[in-house]
>>> print(open('model27.txt').read())   # compact mmCIF, C-alpha atoms
# COMPACT_ATOMS: atom_id res chain seq x y z
CA MET V 78 84.27 71.05 95.12
CA ALA V 79 86.75 73.22 93.24
CA GLU V 80 90.30 73.56 94.44
CA ALA V 81 90.11 75.65 97.59
CA ASP V 82 93.28 77.62 96.96
CA GLY V 83 91.66 79.69 94.20
CA ARG V 84 94.94 81.10 92.90
CA THR V 85 94.78 83.40 89.86
CA LEU V 86 98.44 82.99 88.88
CA GLY V 87 99.01 82.88 85.13
CA ASP V 88 100.82 84.35 82.17
CA GLU V 89 100.85 87.86 83.63
CA GLU V 90 102.85 86.75 86.67
CA VAL V 91 105.20 84.68 84.52
CA ALA V 92 105.86 87.72 82.34
CA ALA V 93 106.43 89.90 85.42
CA ALA V 94 108.96 87.48 86.89
CA GLU V 95 110.73 87.14 83.54
CA ARG V 96 110.90 90.94 83.22
CA VAL V 97 112.75 91.18 86.53
CA ILE V 98 115.09 88.28 85.87
CA ARG V 99 116.05 89.63 82.45
CA SER V 100 116.71 93.05 83.99
CA GLY V 101 119.39 91.47 86.16
CA MET V 102 118.25 93.50 89.20
CA LEU V 103 116.36 91.46 91.80
CA ASN V 104 117.00 93.76 94.77
CA SER V 105 114.39 96.44 95.44
CA VAL V 106 116.88 99.01 96.75
CA TRP V 107 118.11 99.59 93.20
CA GLY V 108 115.15 98.18 91.28
CA THR V 109 111.84 99.72 90.21
CA GLU V 110 109.15 97.12 90.88
CA ALA V 111 108.73 97.54 94.65
CA ARG V 112 108.52 101.33 94.36
CA ALA V 113 105.96 100.94 91.54
CA LEU V 114 103.91 98.54 93.69
CA GLU V 115 103.94 101.09 96.50
CA ARG V 116 102.62 103.82 94.19
CA GLU V 117 99.86 101.55 92.89
CA ILE V 118 98.72 100.63 96.40
CA GLU V 119 98.85 104.29 97.46
CA ARG V 120 96.48 105.09 94.60
CA MET V 121 94.17 102.16 95.31
CA TYR V 122 93.86 102.97 99.02
CA GLY V 123 94.13 106.75 98.79
CA SER V 124 97.04 106.65 101.23
CA ARG V 125 99.98 109.03 101.35
CA HIS V 126 102.53 106.25 101.94
CA ALA V 127 102.82 102.53 101.20
CA ILE V 128 105.89 100.63 102.42
CA THR V 129 106.57 97.18 101.00
CA CYS V 130 108.22 94.45 103.08
CA SER V 131 108.94 90.74 103.10
CA SER V 132 105.77 89.36 104.74
CA GLY V 133 102.49 90.25 106.39
CA THR V 134 104.10 89.57 109.77
CA ALA V 135 106.91 91.97 108.85
CA ALA V 136 104.28 94.60 107.99
CA LEU V 137 102.73 94.15 111.44
CA HIS V 138 106.17 94.45 113.03
CA LEU V 139 106.69 97.73 111.18
CA SER V 140 103.36 98.97 112.54
CA ILE V 141 104.45 98.25 116.12
CA VAL V 142 107.74 100.04 115.41
CA ALA V 143 105.68 103.00 114.23
CA ALA V 144 103.68 102.97 117.48
CA ALA V 145 107.01 103.04 119.38
CA PRO V 146 106.10 101.27 122.63
CA ASP V 147 108.64 101.31 125.45
CA PRO V 148 109.62 97.88 126.84
CA GLY V 149 106.74 96.62 128.95
CA ASP V 150 104.13 98.84 127.27
CA GLU V 151 100.88 97.19 126.23
CA VAL V 152 99.13 96.64 122.90
CA ILE V 153 95.48 95.60 123.01
CA THR V 154 94.46 93.08 120.36
CA THR V 155 92.16 90.15 119.63
CA PRO V 156 92.65 86.51 120.63
CA ILE V 157 91.14 85.25 117.34
CA THR V 158 93.92 85.84 114.85
CA ASP V 159 97.09 84.35 113.45
CA PHE V 160 100.12 84.51 115.76
CA GLY V 161 101.67 86.90 113.24
CA THR V 162 99.50 89.59 114.80
CA VAL V 163 101.02 89.02 118.25
CA ALA V 164 104.64 88.04 117.51
CA PRO V 165 105.65 91.63 116.55
CA ILE V 166 104.36 92.91 119.88
CA LEU V 167 106.70 90.52 121.70
CA ALA V 168 109.51 91.31 119.25
CA GLN V 169 109.42 94.93 120.46
CA ASN V 170 109.41 93.81 124.13
CA ALA V 171 105.81 94.93 124.51
CA VAL V 172 102.94 93.02 126.12
CA PRO V 173 99.86 91.77 124.25
CA VAL V 174 96.61 92.40 126.10
CA PHE V 175 93.71 90.36 124.76
CA ALA V 176 90.25 91.92 124.57
CA ASP V 177 87.11 89.92 123.93
CA VAL V 178 85.24 89.92 120.65
CA ASP V 179 81.81 90.48 119.19
CA PRO V 180 80.20 87.00 119.08
CA ALA V 181 78.53 87.88 115.78
CA ASP V 182 81.75 88.15 113.76
CA GLY V 183 84.77 87.52 116.02
CA ASN V 184 86.10 91.06 115.64
CA LEU V 185 87.23 93.20 118.59
CA ASP V 186 84.46 94.48 120.85
CA PRO V 187 85.20 98.20 121.45
CA ALA V 188 83.55 98.03 124.89
CA ALA V 189 85.92 95.25 125.92
CA VAL V 190 88.87 97.25 124.60
CA ALA V 191 87.80 100.33 126.55
CA GLU V 192 87.84 98.40 129.83
CA LEU V 193 91.47 97.36 129.30
CA ILE V 194 93.04 100.72 128.46
CA GLY V 195 95.52 101.62 131.19
CA PRO V 196 98.56 103.81 131.82
CA ARG V 197 100.88 101.53 129.82
CA THR V 198 98.59 101.04 126.82
CA ARG V 199 100.36 102.28 123.68
CA ALA V 200 98.31 100.92 120.79
CA ILE V 201 95.21 99.02 119.70
CA MET V 202 95.63 96.42 116.97
CA ALA V 203 92.34 95.50 115.29
CA VAL V 204 92.00 92.55 112.91
CA HIS V 205 89.42 92.53 110.13
CA LEU V 206 88.75 88.84 110.66
CA PHE V 207 88.00 86.75 107.55
CA GLY V 208 87.47 90.00 105.59
CA ALA V 209 84.62 91.35 107.75
CA PRO V 210 85.01 95.04 108.67
CA ALA V 211 85.92 95.49 112.34
CA ARG V 212 84.38 98.38 114.28
CA VAL V 213 87.37 100.59 113.63
CA GLY V 214 85.41 103.83 113.72
CA GLU V 215 84.67 103.23 117.41
CA LEU V 216 88.20 101.98 118.01
CA ARG V 217 89.72 105.07 116.37
CA ALA V 218 87.60 107.28 118.63
CA LEU V 219 88.90 105.35 121.65
CA ALA V 220 92.48 105.60 120.40
CA ASP V 221 92.20 109.34 119.83
CA GLU V 222 90.62 109.89 123.25
CA HIS V 223 93.52 108.15 125.00
CA GLY V 224 96.38 109.19 122.71
CA LEU V 225 96.93 105.69 121.29
CA THR V 226 97.95 104.38 117.89
CA LEU V 227 95.29 102.35 116.05
CA ILE V 228 96.77 99.63 113.85
CA GLU V 229 94.61 97.69 111.38
CA ASP V 230 95.60 94.12 110.49
CA CYS V 231 94.09 93.75 107.02
CA ALA V 232 95.89 90.53 106.09
CA GLN V 233 92.52 88.87 105.39
CA ALA V 234 90.77 92.02 104.26
CA TRP V 235 91.94 93.33 100.89
CA LEU V 236 89.34 95.88 99.67
CA THR V 237 87.10 95.37 102.70
CA GLU V 238 84.80 98.40 102.82
CA LEU V 239 84.17 100.33 106.04
CA PRO V 240 80.76 101.69 107.08
CA GLY V 241 80.56 105.29 105.98
CA GLY V 242 83.16 104.83 103.23
CA GLY V 243 86.84 104.07 102.86
CA LEU V 244 88.74 100.82 102.87
CA ALA V 245 89.94 98.75 105.80
CA GLY V 246 93.42 99.97 106.63
CA THR V 247 92.60 103.65 106.26
CA ALA V 248 90.78 104.29 109.57
CA GLY V 249 93.83 103.76 111.77
CA GLN V 250 97.20 105.42 111.72
CA VAL V 251 98.69 102.30 110.08
CA GLY V 252 97.11 99.55 107.97
CA CYS V 253 98.87 96.23 107.25
CA LEU V 254 98.33 94.05 104.17
CA SER V 255 99.55 90.53 103.40
CA LEU V 256 100.56 88.87 100.13
CA GLN V 257 101.07 85.40 101.64
CA GLN V 258 100.20 82.35 99.54
CA TRP V 259 96.60 81.94 100.71
CA LYS V 260 95.46 85.57 100.81
CA HIS V 261 93.22 87.23 98.18
CA ILE V 262 96.33 87.93 96.09
CA THR V 263 99.83 86.56 96.55
CA CYS V 264 103.50 86.73 95.72
CA GLY V 265 104.25 83.75 98.00
CA ASP V 266 105.06 85.99 100.95
CA GLY V 267 105.07 89.75 101.14
CA GLY V 268 103.55 92.62 103.05
CA VAL V 269 102.66 96.29 102.80
CA THR V 270 101.95 98.98 105.37
CA ILE V 271 99.92 102.08 104.53
CA THR V 272 99.77 105.37 106.41
CA ASP V 273 99.09 109.06 105.91
CA ASP V 274 101.59 110.03 108.63
CA ASP V 275 104.99 111.13 107.31
CA GLU V 276 106.83 110.38 110.56
CA LEU V 277 105.35 106.89 110.94
CA ALA V 278 106.24 106.15 107.32
CA ARG V 279 109.82 107.30 107.96
CA ARG V 280 110.16 105.01 110.98
CA MET V 281 108.76 102.00 109.12
CA ARG V 282 110.84 102.49 106.00
CA LEU V 283 114.02 102.88 108.06
CA PHE V 284 113.32 99.79 110.17
CA ALA V 285 112.59 97.67 107.06
CA ASP V 286 115.99 98.62 105.61
CA LYS V 287 118.25 97.99 108.64
CA GLY V 288 117.90 101.60 109.76
CA TRP V 289 119.88 102.68 106.71
CA ASP V 290 119.55 106.33 105.79
CA ARG V 291 120.19 105.95 102.07
CA ALA V 292 120.44 109.72 101.55
CA ALA V 293 123.43 109.87 103.92
CA GLY V 294 125.56 107.18 102.31
CA ARG V 295 126.34 104.05 104.32
CA SER V 296 124.94 105.54 107.50
CA HIS V 297 122.61 103.73 109.90
CA ALA V 298 120.23 106.15 111.56
CA ALA V 299 118.31 103.72 113.75
CA PHE V 300 117.98 100.10 114.77
CA GLY V 301 116.28 98.01 112.11
CA LEU V 302 116.07 94.65 110.38
CA ASN V 303 116.14 93.58 106.76
CA TYR V 304 112.47 93.32 105.83
CA ARG V 305 112.94 94.40 102.20
CA MET V 306 110.64 92.97 99.54
CA THR V 307 112.47 91.59 96.50
CA GLU V 308 111.83 92.78 92.96
CA LEU V 309 110.52 89.32 92.05
CA GLN V 310 107.93 89.49 94.84
CA ALA V 311 106.95 93.01 93.85
CA ALA V 312 106.58 92.25 90.15
CA VAL V 313 104.34 89.26 90.83
CA ALA V 314 102.37 91.30 93.37
CA ARG V 315 101.81 94.05 90.80
CA ALA V 316 100.34 91.53 88.35
CA GLN V 317 98.14 90.19 91.15
CA LEU V 318 97.06 93.65 92.27
CA ALA V 319 95.63 94.33 88.83
CA LYS V 320 93.37 91.30 89.30
CA LEU V 321 92.31 92.17 92.85
CA PRO V 322 89.05 94.03 92.11
CA ARG V 323 87.77 91.09 90.06
CA VAL V 324 88.93 88.58 92.66
CA VAL V 325 87.00 90.34 95.43
CA ALA V 326 83.93 90.92 93.22
CA ASP V 327 83.78 87.23 92.31
CA ARG V 328 84.11 86.17 95.95
CA ARG V 329 81.40 88.61 96.96
CA ARG V 330 78.94 87.46 94.33
CA THR V 331 78.81 83.84 95.48
CA ALA V 332 79.27 84.57 99.19
CA VAL V 333 76.37 87.03 99.30
CA ARG V 334 74.14 84.44 97.63
CA LEU V 335 75.06 81.89 100.30
CA ALA V 336 74.60 84.38 103.14
CA GLU V 337 71.13 85.29 101.89
CA ALA V 338 70.16 81.62 101.52
CA LEU V 339 71.20 80.84 105.11
CA GLU V 340 69.33 83.71 106.74
CA ASP V 341 66.26 81.59 107.55
CA LEU V 342 68.05 78.33 108.35
CA PRO V 343 67.61 77.47 112.06
CA GLY V 344 70.76 77.16 114.18
CA VAL V 345 72.91 79.13 111.75
CA ARG V 346 73.91 82.79 111.76
CA PRO V 347 75.51 83.83 108.48
CA PRO V 348 77.85 86.83 108.41
CA ARG V 349 76.74 90.35 107.57
CA PRO V 350 77.75 90.86 103.93
CA GLU V 351 78.15 94.65 104.07
CA GLY V 352 81.73 95.52 103.17
CA HIS V 353 82.94 91.91 103.54
CA SER V 354 85.71 90.75 101.19
CA TRP V 355 85.34 87.04 102.08
CA TRP V 356 88.75 85.59 102.76
CA LEU V 357 86.82 82.77 104.39
CA PHE V 358 83.07 82.28 104.82
CA PRO V 359 82.35 82.17 108.58
CA VAL V 360 79.16 80.85 110.16
CA VAL V 361 78.16 81.05 113.82
CA CYS V 362 76.26 78.09 115.26
CA PRO V 363 74.74 79.42 118.50
CA ASP V 364 73.68 75.93 119.61
CA GLY V 365 77.33 74.92 119.87
CA ASP V 366 77.37 72.20 117.22
CA ALA V 367 79.88 73.79 114.81
CA PRO V 368 82.26 70.78 115.07
CA GLU V 369 79.51 68.37 114.06
CA LEU V 370 78.34 70.55 111.19
CA ALA V 371 81.91 71.00 109.96
CA ALA V 372 82.43 67.24 109.97
CA HIS V 373 79.21 66.75 108.00
CA LEU V 374 80.24 69.32 105.40
CA ALA V 375 83.75 67.89 105.10
CA THR V 376 82.29 64.43 104.46
CA ALA V 377 80.34 65.96 101.58
CA GLY V 378 83.56 67.36 100.09
CA ILE V 379 83.09 70.92 101.33
CA PRO V 380 86.29 72.44 102.82
CA ALA V 381 84.89 73.39 106.24
CA ARG V 382 86.38 73.30 109.72
CA ALA V 383 85.33 74.32 113.19
CA GLY V 384 86.97 76.93 115.39
CA TYR V 385 89.55 78.29 112.90
CA LEU V 386 92.26 77.99 115.61
CA ALA V 387 93.21 75.14 117.95
CA GLU V 388 92.62 77.62 120.77
CA PRO V 389 92.23 81.40 121.00
CA LEU V 390 95.60 83.08 121.44
CA ASN V 391 94.90 84.03 125.05
CA ARG V 392 94.89 80.28 125.75
CA ALA V 393 97.92 79.36 123.62
CA PRO V 394 100.77 77.38 125.25
CA VAL V 395 103.28 80.07 124.24
CA TRP V 396 102.47 82.10 127.37
CA ASP V 397 104.02 79.39 129.56
CA ALA V 398 107.27 79.34 127.58
CA PRO V 399 110.38 81.58 127.61
CA ILE V 400 110.42 84.48 125.15
CA TYR V 401 114.17 85.25 124.73
CA GLY V 402 116.63 82.57 125.83
CA ALA V 403 115.48 81.41 129.25
CA SER V 404 113.86 84.77 130.03
CA ARG V 405 110.15 85.48 130.06
CA TYR V 406 110.63 89.26 129.92
CA PRO V 407 108.45 91.24 129.32
CA LEU V 408 105.92 88.63 130.44
CA ASP V 409 107.09 88.00 134.02
CA GLY V 410 103.94 87.32 136.02
CA TYR V 411 101.84 87.60 132.84
CA GLU V 412 98.39 86.02 132.78
CA PRO V 413 96.32 86.54 129.60
CA ASN V 414 92.81 87.86 130.12
CA PRO V 415 89.88 85.45 129.84
CA CYS V 416 87.86 86.15 126.70
CA PRO V 417 84.67 84.09 127.07
CA GLN V 418 83.10 85.11 123.77
CA ALA V 419 86.26 84.28 121.80
CA GLU V 420 86.70 81.03 123.69
CA ALA V 421 83.13 79.95 122.95
CA LEU V 422 83.56 80.73 119.25
CA VAL V 423 86.72 78.68 118.93
CA ASP V 424 85.51 75.83 121.13
CA ARG V 425 82.06 75.22 119.70
CA THR V 426 80.20 77.95 117.78
CA LEU V 427 82.43 79.09 114.88
CA LEU V 428 82.61 77.29 111.56
CA VAL V 429 84.61 78.50 108.55
CA ILE V 430 84.33 77.43 104.93
CA ASP V 431 87.28 78.00 102.61
CA TRP V 432 86.34 80.52 99.93
CA ASN V 433 87.76 81.72 96.65
CA GLU V 434 86.94 83.51 93.44
CA ASN V 435 86.47 80.28 91.46
CA TYR V 436 83.37 79.14 93.32
CA THR V 437 80.24 78.80 91.21
CA SER V 438 76.51 78.70 91.86
CA GLU V 439 76.78 74.91 91.91
CA HIS V 440 79.22 75.08 94.80
CA VAL V 441 76.89 77.40 96.70
CA ASP V 442 73.94 75.07 96.01
CA LEU V 443 75.88 72.12 97.43
CA ILE V 444 76.70 74.01 100.62
CA ILE V 445 73.07 75.07 101.04
CA GLN V 446 71.90 71.52 100.41
CA GLU V 447 74.26 69.96 102.94
CA MET V 448 73.68 72.56 105.65
CA THR V 449 69.92 72.17 105.21
CA LYS V 450 70.26 68.39 105.35
CA PHE V 451 72.26 68.59 108.59
CA ARG V 452 69.70 70.88 110.22
CA ALA V 453 66.83 68.70 109.08
>>> encode(input="model27.txt", output="structure tokens")
Amino acid sequence: MAEADGRTLGDEEVAAAERVIRSGMLNSVWGTEARALEREIERMYGSRHAITCSSGTAALHLSIVAAAPDPGDEVITTPITDFGTVAPILAQNAVPVFADVDPADGNLDPAAVAELIGPRTRAIMAVHLFGAPARVGELRALADEHGLTLIEDCAQAWLTELPGGGLAGTAGQVGCLSLQQWKHITCGDGGVTITDDDELARRMRLFADKGWDRAAGRSHAAFGLNYRMTELQAAVARAQLAKLPRVVADRRRTAVRLAEALEDLPGVRPPRPEGHSWWLFPVVCPDGDAPELAAHLATAGIPARAGYLAEPLNRAPVWDAPIYGASRYPLDGYEPNPCPQAEALVDRTLLVIDWNENYTSEHVDLIIQEMTKFRA
């Protein structure tokens, strides 16, 4: 099959990088590219604020800073995600609480979230897994009912469309985007948070710049880290952002064709295509033979793998290890919740196929052929 990375890097990105280098200003504090990228993302998402930063994980850290948990407060999230979703919770001395997922798509189950909301819950962090829209309308209603912050991890979900309108990242108080190498668009590493809340934007921008109040001279108004995006990252990201609508449209065209072709294949549940932006193409095998099907597809040259993760995050070895130095604070006595639906997906029912905008009808035909052959 075609190269699975699907990068669209070309002359436009080379010209953008050269423009920055020839300007002599590579730092975004005094440059123009990062601020221009923020304005372009604000327009694309219809958001009041966009804050650039150095990575998708940094963007998620900024979102936790915006939620402002006290040490020991809880953030409810999903066990099927990259550790970058959870690391910022620990970095703010908060406690991740894992809620189970919808077995149809691996996204947070709002009913499971509702059962876990307690007196120390401060935020809900939803992940739009693989580009499929999570049920953030229900989660926002829960968050509003209990006075919580809803954070959307959209690292895999550029231009994912929500039921009823709007883009993933705009239903919660904060949305987080990633520009890491393997996302829909890339500048190697980079992140962006979006919000309509002036105060949350102020907190995130301060924290990303070492708490430096630039309007007050060399004065540090709050604790923060250096999460600044460079001008080189921003310039490349701007060139990539211009290509994003086509990238997502091309991914959708071939993915929808595959999803429709698999609808009647026994033992396979294709994803719902509505709103999906197809970072990966996930398939649920309810009979529990995802590992065998993945091995069959891989032998045929199709980049497929079972489970996505080695284990869901609620079963990761990190929870038995110290957090800071020899201390386990804030996890003293911590035991992650069981999440049977997530555990079943990762262990035996979830299969993912790498996807990108360069796939053709011939690639889709090969996948259909091999999946049909395996089922036969």
>>> atom_distance(input="model27.txt", atom1="atom CA of V:Glu151", atom2="atom CA of V:Tyr122")
28.7 Å
>>> closest_residue(input="model27.txt", among="V:Thr263, V:Ser124, V:Thr426, V:Thr331", to="V:Val360", atoms="all atoms listed in the file")
V:Thr426
>>> closest_atom_pairs(input="model27.txt", of="stretch 243-303 of chain V", to="stretch 315-330 of chain V", cutoff="9 Å", atoms="all atoms listed in the file", output="tab-separated table")
residue	atom	partner	partner_atom	distance
V:His261	CA	V:Val324	CA	7.1
V:Ile262	CA	V:Gln317	CA	5.7
V:Thr263	CA	V:Gln317	CA	6.7
V:Cys264	CA	V:Gln317	CA	7.8
>>> atom_distance(input="model27.txt", atom1="atom CA of V:Val361", atom2="atom CA of V:Ala211")
16.5 Å
>>> atom_distance(input="model27.txt", atom1="atom CA of V:Leu139", atom2="atom CA of V:Met281")
5.2 Å
>>> decode(input="model27.txt", residues="stretch 88-102 of chain V", atoms="N, CA, C and O atoms", output="short mmCIF file (atom, residue, chain, number, x, y, z; two decimals), in the first residue's frame")
data_model
loop_
_atom_site.label_atom_id
_atom_site.label_comp_id
_atom_site.auth_asym_id
_atom_site.auth_seq_id
_atom_site.Cartn_x
_atom_site.Cartn_y
_atom_site.Cartn_z
N ASP V 88 6.73 22.42 -1.28
CA ASP V 88 7.36 23.71 -1.53
C ASP V 88 6.81 24.82 -0.64
O ASP V 88 7.53 25.74 -0.27
N GLU V 89 5.52 24.74 -0.30
CA GLU V 89 4.92 25.79 0.52
C GLU V 89 5.56 25.84 1.91
O GLU V 89 5.83 26.93 2.44
N GLU V 90 5.83 24.68 2.49
CA GLU V 90 6.46 24.63 3.80
C GLU V 90 7.92 25.06 3.74
O GLU V 90 8.42 25.73 4.66
N VAL V 91 8.60 24.67 2.65
CA VAL V 91 9.99 25.10 2.47
C VAL V 91 10.05 26.63 2.38
O VAL V 91 10.90 27.28 3.01
N ALA V 92 9.14 27.21 1.62
CA ALA V 92 9.12 28.67 1.48
C ALA V 92 8.80 29.34 2.81
O ALA V 92 9.36 30.39 3.14
N ALA V 93 7.90 28.74 3.59
CA ALA V 93 7.55 29.31 4.90
C ALA V 93 8.74 29.30 5.84
O ALA V 93 9.02 30.30 6.52
N ALA V 94 9.45 28.17 5.87
CA ALA V 94 10.63 28.09 6.74
C ALA V 94 11.71 29.07 6.29
O ALA V 94 12.34 29.74 7.13
N GLU V 95 11.91 29.17 4.98
CA GLU V 95 12.92 30.11 4.47
C GLU V 95 12.54 31.54 4.83
O GLU V 95 13.41 32.36 5.19
N ARG V 96 11.26 31.87 4.75
CA ARG V 96 10.81 33.22 5.08
C ARG V 96 11.19 33.59 6.51
O ARG V 96 11.68 34.70 6.78
N VAL V 97 11.01 32.65 7.42
CA VAL V 97 11.34 32.92 8.82
C VAL V 97 12.85 33.03 9.01
O VAL V 97 13.34 33.96 9.68
N ILE V 98 13.58 32.11 8.44
CA ILE V 98 15.04 32.12 8.61
C ILE V 98 15.63 33.42 8.06
O ILE V 98 16.48 34.06 8.68
N ARG V 99 15.16 33.83 6.89
CA ARG V 99 15.70 35.07 6.30
C ARG V 99 15.29 36.31 7.09
O ARG V 99 15.97 37.33 7.05
N SER V 100 14.18 36.21 7.84
CA SER V 100 13.78 37.35 8.67
C SER V 100 14.72 37.55 9.85
O SER V 100 14.80 38.64 10.43
N GLY V 101 15.41 36.46 10.24
CA GLY V 101 16.31 36.53 11.38
C GLY V 101 15.62 36.41 12.73
O GLY V 101 16.28 36.39 13.76
N MET V 102 14.29 36.32 12.75
CA MET V 102 13.54 36.25 14.01
C MET V 102 12.81 34.91 14.09
O MET V 102 11.81 34.69 13.42
#
